[in-house]
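Here is target_28.txt, consisting of compact mmCIF, C-alpha atoms:
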# COMPACT_ATOMS: atom_id res chain seq x y z
CA MET W 92 79.82 -37.53 119.34
CA GLU W 93 81.71 -34.26 119.11
CA VAL W 94 85.34 -33.28 118.99
CA ASP W 95 86.79 -30.91 121.54
CA THR W 96 86.47 -27.47 119.96
CA THR W 97 90.00 -26.56 121.05
CA VAL W 98 91.38 -28.66 118.18
CA PRO W 99 91.88 -26.24 115.22
CA ASN W 100 91.63 -27.16 111.53
CA GLY W 101 90.50 -30.71 112.33
CA ASN W 102 89.30 -32.89 109.50
CA SER W 103 85.88 -33.12 111.11
CA THR W 104 82.93 -33.83 108.88
CA ASN W 105 79.23 -34.12 109.43
CA ASN W 106 78.57 -37.63 108.12
CA SER W 107 81.14 -37.29 105.35
CA SER W 108 81.74 -41.02 105.63
CA THR W 109 78.73 -41.79 103.46
CA ASN W 110 80.23 -42.92 100.17
CA GLY W 111 78.12 -43.16 97.02
CA GLY W 112 80.97 -44.25 94.75
CA ALA W 113 80.51 -41.53 92.09
CA ASN W 114 83.66 -40.19 90.44
CA SER W 115 83.76 -37.85 87.48
CA THR W 116 83.87 -40.67 84.89
CA PRO W 117 80.64 -41.94 83.21
CA ALA W 118 81.15 -45.51 84.43
CA THR W 119 81.49 -44.54 88.07
CA ALA W 120 78.66 -42.01 87.73
CA ALA W 121 76.41 -44.84 86.56
CA ALA W 122 77.57 -46.93 89.51
CA ALA W 123 76.77 -44.06 91.84
CA ALA W 124 73.29 -43.78 90.32
CA ALA W 125 72.66 -47.46 90.92
CA ALA W 126 73.95 -47.14 94.48
CA ALA W 127 71.76 -44.13 95.18
CA VAL W 128 68.72 -45.94 93.79
CA ALA W 129 69.48 -48.78 96.16
CA VAL W 130 69.75 -46.34 99.06
CA ALA W 131 66.45 -44.80 97.96
CA THR W 132 64.54 -48.00 98.59
CA ALA W 133 65.61 -47.91 102.21
CA ALA W 134 65.31 -44.14 102.56
CA ALA W 135 61.80 -43.96 101.10
CA SER W 136 60.26 -45.49 104.22
CA PRO W 137 61.19 -46.38 107.81
CA ALA W 138 63.36 -49.47 108.21
CA PRO W 139 61.08 -52.55 108.13
CA ALA W 140 61.11 -55.20 110.82
CA SER W 141 61.56 -58.06 108.35
CA SER W 142 62.34 -58.75 104.70
CA LEU W 143 58.62 -59.34 104.05
CA ALA W 144 57.75 -55.93 105.47
CA GLN W 145 60.51 -54.40 103.34
CA LEU W 146 59.04 -56.01 100.23
CA SER W 147 55.59 -54.70 101.13
CA GLU W 148 56.94 -51.16 101.53
CA SER W 149 58.85 -51.46 98.25
CA LEU W 150 55.75 -52.50 96.31
CA LYS W 151 53.97 -49.33 97.43
CA LEU W 152 56.26 -47.44 95.05
CA GLU W 153 54.89 -49.33 92.03
CA HIS W 154 51.70 -47.29 91.56
CA GLN W 155 52.74 -45.98 88.13
CA PHE W 156 53.81 -49.47 87.02
CA LEU W 157 50.16 -50.62 87.12
CA ARG W 158 48.34 -47.35 86.51
CA VAL W 159 49.81 -46.47 83.10
CA PRO W 160 48.86 -49.67 81.19
CA PHE W 161 45.42 -49.63 82.84
CA GLU W 162 44.78 -46.03 81.72
CA HIS W 163 45.98 -46.94 78.23
CA TYR W 164 43.62 -49.92 78.23
CA LYS W 165 40.67 -47.74 79.27
CA LYS W 166 41.51 -45.17 76.61
CA THR W 167 41.44 -47.85 73.89
CA ILE W 168 38.06 -49.11 75.12
CA ARG W 169 36.62 -45.57 75.11
CA SER W 170 37.97 -44.94 71.61
CA ASP W 171 36.43 -48.15 70.25
CA HIS W 172 33.14 -47.36 71.97
CA ARG W 173 33.00 -43.88 70.41
CA LEU W 174 33.79 -45.34 66.98
CA PHE W 175 31.04 -47.94 67.37
CA GLU W 176 28.43 -45.38 68.42
CA LYS W 177 29.36 -43.01 65.60
CA GLU W 178 29.24 -45.64 62.85
CA VAL W 179 26.08 -47.40 64.08
CA SER W 180 24.32 -44.06 64.45
CA ALA W 181 25.28 -43.16 60.87
CA VAL W 182 24.04 -46.53 59.56
CA ILE W 183 20.72 -46.27 61.43
CA SER W 184 20.27 -42.75 60.08
CA GLY W 185 20.98 -44.01 56.56
CA VAL W 186 18.48 -46.86 56.85
CA SER W 187 15.84 -44.44 58.16
CA GLU W 188 16.51 -42.13 55.24
CA VAL W 189 15.97 -44.97 52.75
CA ALA W 190 12.80 -46.09 54.57
CA ASP W 191 11.35 -42.59 54.62
CA SER W 192 11.92 -42.08 50.91
CA ALA W 193 11.05 -45.63 49.80
CA ASP W 194 8.15 -44.39 47.66
CA SER W 195 10.10 -41.72 45.81
CA MET W 196 13.61 -43.29 45.66
CA PRO W 197 14.36 -45.56 42.68
CA SER W 198 15.02 -49.16 43.64
CA ASP W 199 18.55 -49.13 42.15
CA GLU W 200 19.51 -46.04 44.15
CA ALA W 201 18.04 -47.54 47.32
CA ALA W 202 19.95 -50.79 46.72
CA ASN W 203 23.21 -48.89 46.18
CA HIS W 204 22.61 -46.85 49.32
CA LEU W 205 21.98 -49.96 51.40
CA THR W 206 25.03 -51.66 49.85
CA SER W 207 27.19 -48.72 50.95
CA LEU W 208 25.77 -49.03 54.47
CA VAL W 209 26.63 -52.74 54.51
CA SER W 210 30.19 -51.91 53.38
CA ARG W 211 30.39 -49.36 56.18
CA LEU W 212 29.30 -51.97 58.71
CA GLN W 213 31.90 -54.40 57.36
CA GLY W 214 34.55 -51.72 57.75
CA LEU W 215 33.35 -51.15 61.31
CA LYS W 216 33.63 -54.87 61.98
CA ARG W 217 37.26 -54.92 60.80
CA LYS W 218 38.11 -51.91 62.96
CA LEU W 219 36.43 -53.45 66.00
CA GLU W 220 38.27 -56.74 65.47
CA GLU W 221 41.55 -54.85 65.30
CA GLY W 222 40.56 -52.89 68.40
CA ASN W 223 39.67 -56.12 70.18
CA ARG W 224 43.13 -57.53 69.47
CA THR W 225 44.70 -54.34 70.81
CA GLU W 226 42.55 -54.51 73.95
CA ASN W 227 43.55 -58.16 74.51
CA LEU W 228 47.24 -57.28 74.20
CA GLN W 229 46.85 -54.41 76.67
CA ALA W 230 44.91 -56.63 79.10
CA GLN W 231 47.69 -59.23 78.85
CA ARG W 232 50.22 -56.49 79.62
CA CYS W 233 48.30 -55.54 82.78
CA ARG W 234 48.20 -59.22 83.76
CA ALA W 235 51.94 -59.61 83.11
CA ARG W 236 52.71 -56.68 85.40
CA LEU W 237 50.53 -58.07 88.16
CA ASP W 238 52.28 -61.43 87.82
CA HIS W 239 55.65 -59.68 87.95
CA LEU W 240 54.76 -57.95 91.22
CA GLU W 241 53.48 -61.22 92.66
CA SER W 242 56.74 -62.95 91.68
CA ALA W 243 58.79 -60.76 94.02
CA ASP W 244 60.48 -63.03 96.58
CA ALA W 245 61.26 -61.42 99.92
CA ASP W 246 64.18 -63.82 100.43
CA ASP W 247 65.82 -63.18 97.04
CA MET W 248 65.19 -59.73 95.63
CA SER W 249 68.41 -59.33 93.59
CA GLU W 250 66.98 -60.32 90.19
CA TRP W 251 63.68 -58.50 90.78
CA ASN W 252 65.52 -55.32 91.84
CA ASN W 253 67.75 -55.57 88.79
CA THR W 254 64.66 -55.67 86.57
CA ARG W 255 63.20 -52.69 88.40
CA LEU W 256 66.40 -50.69 87.88
CA LYS W 257 66.22 -51.38 84.14
CA ARG W 258 62.56 -50.31 84.12
CA ILE W 259 63.50 -47.05 85.83
CA LEU W 260 66.26 -46.40 83.28
CA VAL W 261 63.89 -47.07 80.36
CA ASP W 262 61.36 -44.67 81.90
CA TYR W 263 64.07 -41.99 82.14
CA MET W 264 65.18 -42.52 78.52
CA LEU W 265 61.62 -42.27 77.23
CA ARG W 266 60.98 -39.06 79.14
CA MET W 267 64.24 -37.57 77.83
CA SER W 268 63.30 -38.61 74.24
CA TYR W 269 66.04 -41.25 73.93
CA TYR W 270 63.56 -43.60 72.26
CA GLU W 271 65.98 -45.85 70.38
CA SER W 272 68.11 -46.44 73.48
CA ALA W 273 64.98 -47.20 75.50
CA ILE W 274 63.79 -49.74 72.92
CA LYS W 275 67.18 -51.49 72.82
CA LEU W 276 67.39 -51.72 76.62
CA SER W 277 63.83 -53.08 76.85
CA GLU W 278 64.57 -55.69 74.18
CA THR W 279 67.88 -56.86 75.68
CA GLY W 280 66.30 -57.04 79.13
CA ASN W 281 63.07 -58.66 77.87
CA LEU W 282 61.06 -55.81 79.39
CA GLN W 283 58.52 -55.16 76.62
CA ASP W 284 55.55 -55.90 78.90
CA PHE W 285 57.01 -53.86 81.76
CA VAL W 286 57.69 -50.53 80.01
CA ASP W 287 55.41 -48.00 78.29
CA ILE W 288 57.08 -47.44 74.93
CA GLU W 289 53.77 -47.34 73.00
CA VAL W 290 52.37 -44.73 75.36
CA PHE W 291 55.43 -42.50 74.98
CA HIS W 292 55.37 -42.87 71.19
CA GLU W 293 51.98 -41.15 71.36
CA ALA W 294 53.66 -38.26 73.18
CA LYS W 295 56.63 -38.29 70.78
CA ARG W 296 54.47 -37.31 67.80
CA VAL W 297 53.05 -34.30 69.64
CA ILE W 298 56.40 -33.19 71.06
CA GLU W 299 58.15 -33.36 67.68
CA ALA W 300 55.32 -31.36 66.09
CA LEU W 301 55.56 -28.65 68.78
CA HIS W 302 59.33 -28.44 68.27
CA ASN W 303 58.53 -27.85 64.58
CA LYS W 304 56.03 -25.14 65.61
CA GLU W 305 52.98 -27.15 64.57
CA VAL W 306 49.94 -27.34 66.84
CA ALA W 307 47.65 -29.63 64.81
CA PRO W 308 48.79 -32.95 66.42
CA ALA W 309 48.56 -31.39 69.88
CA LEU W 310 45.04 -30.10 69.18
CA ALA W 311 44.05 -33.55 67.89
CA TRP W 312 45.38 -35.06 71.13
CA CYS W 313 43.31 -32.55 73.13
CA SER W 314 40.23 -33.51 71.12
CA GLU W 315 40.79 -37.23 71.83
CA ASN W 316 41.08 -36.56 75.56
CA LYS W 317 38.68 -33.62 75.78
CA SER W 318 36.46 -34.94 78.56
CA ARG W 319 39.36 -35.88 80.86
CA LEU W 320 41.24 -32.62 80.23
CA LYS W 321 38.06 -30.69 80.98
CA LYS W 322 37.59 -32.66 84.18
CA SER W 323 41.10 -31.75 85.33
CA LYS W 324 40.49 -28.08 84.35
CA SER W 325 43.38 -28.13 81.91
CA LYS W 326 44.10 -24.98 79.89
CA PHE W 327 46.54 -26.64 77.50
CA GLU W 328 44.21 -26.39 74.51
CA PHE W 329 43.67 -22.71 75.28
CA GLN W 330 47.44 -22.15 75.32
CA LEU W 331 47.73 -23.89 71.95
CA ARG W 332 45.01 -21.66 70.49
CA LEU W 333 46.75 -18.56 71.85
CA GLN W 334 50.04 -19.60 70.25
CA GLU W 335 48.35 -20.22 66.91
CA PHE W 336 46.83 -16.73 67.12
CA ILE W 337 50.24 -15.25 67.93
CA GLU W 338 51.74 -16.92 64.85
CA LEU W 339 49.05 -15.33 62.66
CA VAL W 340 49.87 -11.93 64.15
CA ARG W 341 53.58 -12.59 63.65
CA GLY W 342 52.88 -13.23 59.96
CA GLU W 343 50.85 -9.98 59.82
CA ASN W 344 47.67 -11.89 58.90
CA ASN W 345 45.51 -9.68 61.09
CA LEU W 346 42.19 -10.40 59.38
CA ARG W 347 42.74 -14.15 59.65
CA ALA W 348 43.80 -13.65 63.26
CA ILE W 349 40.55 -11.81 64.07
CA THR W 350 38.47 -14.54 62.41
CA TYR W 351 40.44 -17.18 64.27
CA ALA W 352 39.94 -15.39 67.61
CA ARG W 353 36.18 -15.18 67.09
CA LYS W 354 35.94 -18.87 66.29
CA TYR W 355 38.42 -20.48 68.70
CA LEU W 356 39.32 -17.98 71.44
CA ALA W 357 35.98 -16.33 72.19
CA PRO W 358 34.54 -19.49 73.87
CA TRP W 359 37.35 -19.27 76.45
CA GLY W 360 36.52 -15.69 77.38
CA ALA W 361 34.30 -16.61 80.32
CA THR W 362 37.16 -18.31 82.18
CA HIS W 363 40.34 -16.73 80.78
CA MET W 364 39.34 -13.19 79.86
CA LYS W 365 42.48 -11.51 81.23
CA GLU W 366 44.88 -13.68 79.24
CA LEU W 367 42.67 -13.41 76.18
CA GLN W 368 42.65 -9.61 76.30
CA ARG W 369 46.43 -9.53 76.63
CA VAL W 370 46.97 -11.74 73.59
CA VAL W 371 44.39 -10.03 71.38
CA ALA W 372 46.11 -6.71 72.14
CA THR W 373 49.09 -7.93 70.11
CA LEU W 374 47.07 -6.95 67.01
CA ALA W 375 48.16 -3.40 67.76
CA PHE W 376 51.86 -4.40 67.85
CA LYS W 377 54.33 -6.12 65.56
CA SER W 378 56.46 -9.11 66.46
CA ASN W 379 59.51 -6.83 66.88
CA THR W 380 57.83 -4.72 69.56
CA GLU W 381 59.95 -3.57 72.48
CA CYS W 382 56.99 -3.46 74.88
CA ALA W 383 58.01 -6.13 77.40
CA ILE W 384 54.50 -7.38 78.24
CA TYR W 385 53.86 -8.24 74.56
CA LYS W 386 57.43 -8.94 73.45
CA VAL W 387 57.54 -12.09 75.59
CA LEU W 388 54.56 -13.52 73.68
CA PHE W 389 56.57 -13.53 70.45
CA GLU W 390 59.66 -15.20 71.90
CA ALA W 391 60.66 -18.62 70.53
CA ASN W 392 60.79 -20.20 74.00
CA GLN W 393 56.99 -20.06 74.13
CA TRP W 394 57.10 -23.29 72.12
CA ASP W 395 59.39 -24.86 74.72
CA TYR W 396 56.86 -23.84 77.36
CA LEU W 397 54.12 -25.63 75.38
CA VAL W 398 56.26 -28.79 75.20
CA GLU W 399 56.76 -28.78 78.98
CA GLN W 400 53.07 -28.11 79.57
CA PHE W 401 52.12 -31.00 77.28
CA LYS W 402 54.46 -33.35 79.14
CA GLN W 403 52.80 -32.42 82.43
CA GLU W 404 49.28 -32.92 81.04
CA PHE W 405 50.34 -36.20 79.45
CA CYS W 406 51.77 -37.50 82.73
CA ARG W 407 48.65 -36.50 84.67
CA LEU W 408 46.42 -38.19 82.12
CA TYR W 409 48.19 -41.53 82.50
CA GLY W 410 48.83 -41.28 86.25
CA MET W 411 52.60 -40.87 85.88
CA THR W 412 54.86 -38.95 88.20
CA LEU W 413 55.77 -35.52 86.82
CA GLU W 414 59.45 -36.20 87.53
CA PRO W 415 61.27 -39.20 86.03
CA LEU W 416 61.34 -42.18 88.40
CA LEU W 417 65.14 -42.15 88.27
CA ASN W 418 65.23 -38.61 89.68
CA ILE W 419 62.79 -39.52 92.45
CA TYR W 420 64.77 -42.58 93.53
CA LEU W 421 68.07 -40.73 93.33
CA GLN W 422 66.72 -37.84 95.39
CA ALA W 423 65.48 -40.26 98.02
CA GLY W 424 68.99 -41.70 98.26
CA LEU W 425 70.74 -38.32 98.11
CA SER W 426 68.56 -37.01 100.94
CA ALA W 427 70.38 -39.47 103.22
CA LEU W 428 73.80 -38.40 101.91
CA LYS W 429 73.45 -34.62 101.72
CA THR W 430 75.44 -32.75 104.38
CA PRO W 431 77.06 -29.26 104.44
CA PHE W 432 80.47 -30.89 104.01
CA CYS W 433 79.41 -32.17 100.56
CA TYR W 434 79.55 -28.60 99.24
CA GLU W 435 83.06 -27.81 100.51
CA GLU W 436 86.09 -27.83 98.23
CA ASP W 437 87.77 -30.78 99.95
CA CYS W 438 84.70 -33.02 99.58
CA PRO W 439 86.09 -36.47 98.68
CA LYS W 440 85.62 -37.62 95.08
CA ASP W 441 83.94 -40.84 96.20
CA ASP W 442 81.00 -38.79 97.53
CA PRO W 443 78.26 -38.59 94.84
CA LEU W 444 77.57 -35.00 95.84
CA SER W 445 81.07 -34.01 94.76
CA GLN W 446 79.63 -34.05 91.21
CA GLU W 447 77.76 -31.03 89.93
CA SER W 448 74.97 -33.09 88.34
CA PHE W 449 74.14 -34.74 91.66
CA ARG W 450 74.36 -31.40 93.45
CA ARG W 451 71.75 -29.91 91.12
CA LEU W 452 69.50 -32.90 91.70
CA ALA W 453 69.90 -32.52 95.48
CA SER W 454 69.52 -28.72 95.54
CA PRO W 455 65.82 -28.73 96.63
CA LEU W 456 66.45 -31.37 99.32
CA PRO W 457 67.07 -30.61 103.01
CA PHE W 458 70.30 -31.64 104.68
CA SER W 459 70.35 -35.08 106.22
CA LYS W 460 69.52 -35.05 109.93
CA GLN W 461 72.48 -36.43 111.87
CA HIS W 462 72.08 -37.10 115.59
CA HIS W 463 75.82 -37.59 116.03
CA SER W 464 78.80 -36.13 114.24
CA LYS W 465 81.25 -38.53 112.64
CA LEU W 466 84.99 -38.19 112.25
CA VAL W 467 86.47 -39.76 109.15
CA CYS W 468 90.21 -40.13 108.66
CA TYR W 469 91.51 -38.18 105.67
CA ILE W 470 94.10 -40.91 104.97
CA THR W 471 92.25 -44.21 105.46
CA LYS W 472 88.65 -42.95 105.03
CA GLU W 473 87.82 -45.01 108.13
CA LEU W 474 85.68 -43.89 111.04
CA MET W 475 87.56 -42.49 114.05
CA ASP W 476 86.15 -43.66 117.38
CA THR W 477 87.32 -45.04 120.70
CA GLU W 478 88.85 -48.07 118.93
CA ASN W 479 90.63 -45.87 116.39
CA PRO W 480 90.99 -42.51 118.21
CA PRO W 481 91.87 -39.26 116.44
CA MET W 482 95.39 -37.84 116.90
CA VAL W 483 96.29 -34.15 116.54
CA LEU W 484 99.46 -33.00 114.75
CA PRO W 485 101.30 -29.86 115.92
CA ASN W 486 99.76 -27.95 112.97
CA GLY W 487 96.26 -28.79 114.20
CA TYR W 488 95.25 -31.39 111.58
CA VAL W 489 93.57 -34.56 112.80
CA TYR W 490 94.11 -38.12 111.54
CA SER W 491 93.34 -41.57 112.89
CA SER W 492 95.83 -43.28 115.18
CA LYS W 493 95.79 -46.34 112.93
CA ALA W 494 96.97 -44.32 109.90
CA LEU W 495 99.61 -42.45 111.87
CA GLU W 496 100.96 -45.60 113.52
CA GLU W 497 101.35 -47.25 110.13
CA MET W 498 103.09 -44.14 108.80
CA ALA W 499 105.44 -44.01 111.80
CA ASP W 500 106.35 -47.70 111.44
CA LYS W 501 107.36 -47.14 107.82
CA ASN W 502 109.33 -43.92 108.47
CA ASN W 503 111.28 -44.58 111.68
CA GLY W 504 108.81 -42.79 113.91
CA LYS W 505 108.39 -39.79 111.61
CA ILE W 506 105.00 -38.40 110.64
CA THR W 507 104.38 -36.32 107.49
CA CYS W 508 101.15 -34.36 107.23
CA PRO W 509 99.65 -35.27 103.81
CA ARG W 510 98.07 -31.83 103.45
CA THR W 511 100.78 -29.41 104.61
CA GLY W 512 103.96 -31.51 104.39
CA LEU W 513 104.86 -30.89 108.06
CA VAL W 514 107.27 -33.51 109.44
CA CYS W 515 107.22 -34.35 113.14
CA ASN W 516 107.86 -37.23 115.54
CA TYR W 517 105.11 -39.58 116.60
CA SER W 518 105.77 -38.48 120.19
CA ASP W 519 104.75 -34.93 119.24
CA LEU W 520 101.17 -35.99 118.60
CA ALA W 521 98.33 -35.28 121.00
CA LYS W 522 95.24 -37.39 121.46
CA ALA W 523 91.88 -35.76 120.72
CA PHE W 524 89.12 -36.83 123.10
CA ILE W 525 85.62 -37.56 121.80
CA SER W 526 82.73 -36.71 124.11
As structure tokens, what does this structure read like?
Amino acid sequence: MEVDTTVPNGNSTNNSSTNGGANSTPATAAAAAAAAVAVATAAASPAPASSLAQLSESLKLEHQFLRVPFEHYKKTIRSDHRLFEKEVSAVISGVSEVADSADSMPSDEAANHLTSLVSRLQGLKRKLEEGNRTENLQAQRCRARLDHLESADADDMSEWNNTRLKRILVDYMLRMSYYESAIKLSETGNLQDFVDIEVFHEAKRVIEALHNKEVAPALAWCSENKSRLKKSKSKFEFQLRLQEFIELVRGENNLRAITYARKYLAPWGATHMKELQRVVATLAFKSNTECAIYKVLFEANQWDYLVEQFKQEFCRLYGMTLEPLLNIYLQAGLSALKTPFCYEEDCPKDDPLSQESFRRLASPLPFSKQHHSKLVCYITKELMDTENPPMVLPNGYVYSSKALEEMADKNNGKITCPRTGLVCNYSDLAKAFIS
């Protein structure tokens, strides 16, 4: 529906009636977030024909919920397998050594050597038992999540959706490094099996080390996941090595830097020669150089870049979304609310997009497609249609007939424009026709 274009200054909006309930206070902002998440569930897919179909569509969004604990489980199995192969190989090698030198080795020395191998096997047994307990706990966590998904009832989703909202909030807190808050929320909501606190604690150690300008924990993480990072063609380890080289140059340890480059950077030359040449050229400059192409390599924000790159590699490794789930759900909801009117000065405060934080989140999203324009009364916030037609004041502003009739009844037939203060009689109003 459209309003006759001859009506000037009308309070016409393009779907401005969509209210997310977000004011500038933290409490109402949280309510708006919850409302937008609820809208996201419907906006993420076409409207289902039944509640069962809606549940089926909703469960398609739970890929990360199952993938992360499964990847963690597989990683533990691989780690235990590598430990087993390493220790058994060392024991077999030791036994062979004793057997080969049985004629020349004193019996006491051979007995001591074999005793040490037995102790090593006993240590391996303890580690494998501990690993087995960890694997069982992780398998139980996978089972608990499957049971949770199966428990979803299409006829009563309120409790299940409430649990999902808490899971999404914990995920956001963990990604933003609010670990203590995430732990408290998971404990109060009994969500320990449904959130990935242990996985994010692994990332926490690396992130804190990078913030302290230490690369050793990050390099150890790369070594643990070398095969998978290589498969995904990751260059994160290379970037860590470059930064370590830059720090040696910054400290004017040029000889150590050259030795380091030969040992750790040269193997990357076949695939990253251009970047390697650029970094090695810093040997000819100091950290206070004004040459822009090299000055940027010495800037402190290079460590922030490494933190962000690690987060991306970490998420890919565990099958997580690169963006927090909360942002994804909110953007899905905001995509249904975003209109050009949301960015005007007179956007109502009950519109989530009246807040700057929601506007930034919605900035990459397209405007919502509206097949019909909607007129919303400035006074009552109700839709104006044939049952509640718009009325035009002499100054050109448009309000609903319901609001103006109520105003006239209270003021002896007088109408006062709430935006300009103009006073007129009810008989001076003109009806605006909707086509």
Next item on the list: Between W:Phe327, W:Phe376, W:Phe389, W:Tyr517, single out the one closest to W:Lys402, counting all atoms listed in the file.
Entry: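 Selected residue with least distance to W:Lys402: W:Phe327.
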Check: What is the atom CA of W:Met248-atom CA of W:Gly280 distance in Å, reported with one decimal?
Finding: 16.8 Å
Next item on the list: Show which residues sit within 7 Å of stretch 288-299 of chain W, as a list of chain:residue names. Count only C-alpha atoms, and ignore same-chain residues fewer than 4 positions away.
Entry: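 Residues near the query, excluding close chain neighbours: W:Leu265, W:Asn303, W:Pro308, W:Ala309, W:Val398.
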List the neighbours of stretch 151-161 of chain W out to 7 Å using all atoms listed in the file; skip same-chain residues closer than 5 positions along the sequence, and give me the result as a PDB file with C-alpha atoms, in the coordinates of the input.
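Once written, result36.pdb looks like this:
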ATOM      1  CA  GLN W 229      46.850 -54.410  76.670  1.00  0.00           C
ATOM      2  CA  CYS W 233      48.300 -55.540  82.780  1.00  0.00           C
ATOM      3  CA  ARG W 236      52.710 -56.680  85.400  1.00  0.00           C
ATOM      4  CA  TYR W 409      48.190 -41.530  82.500  1.00  0.00           C
ATOM      5  CA  GLY W 410      48.830 -41.280  86.250  1.00  0.00           C
ATOM      6  CA  MET W 411      52.600 -40.870  85.880  1.00  0.00           C
TER       7      MET W 411
END
Checklist line | Point-to-point distance in Å for atom CA of W:Glu226 and atom CA of W:Tyr164 | finding: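 Taking atom CA of W:Tyr164 as the start and atom CA of W:Glu226 as the end point, the length is 6.4 Å.
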Note to self: Using only C-alpha atoms, can you tell me which of W:Asp500, W:Glu473, W:Glu404, W:Gln334 comes closest to W:Lys317?
What the structure shows: W:Glu404
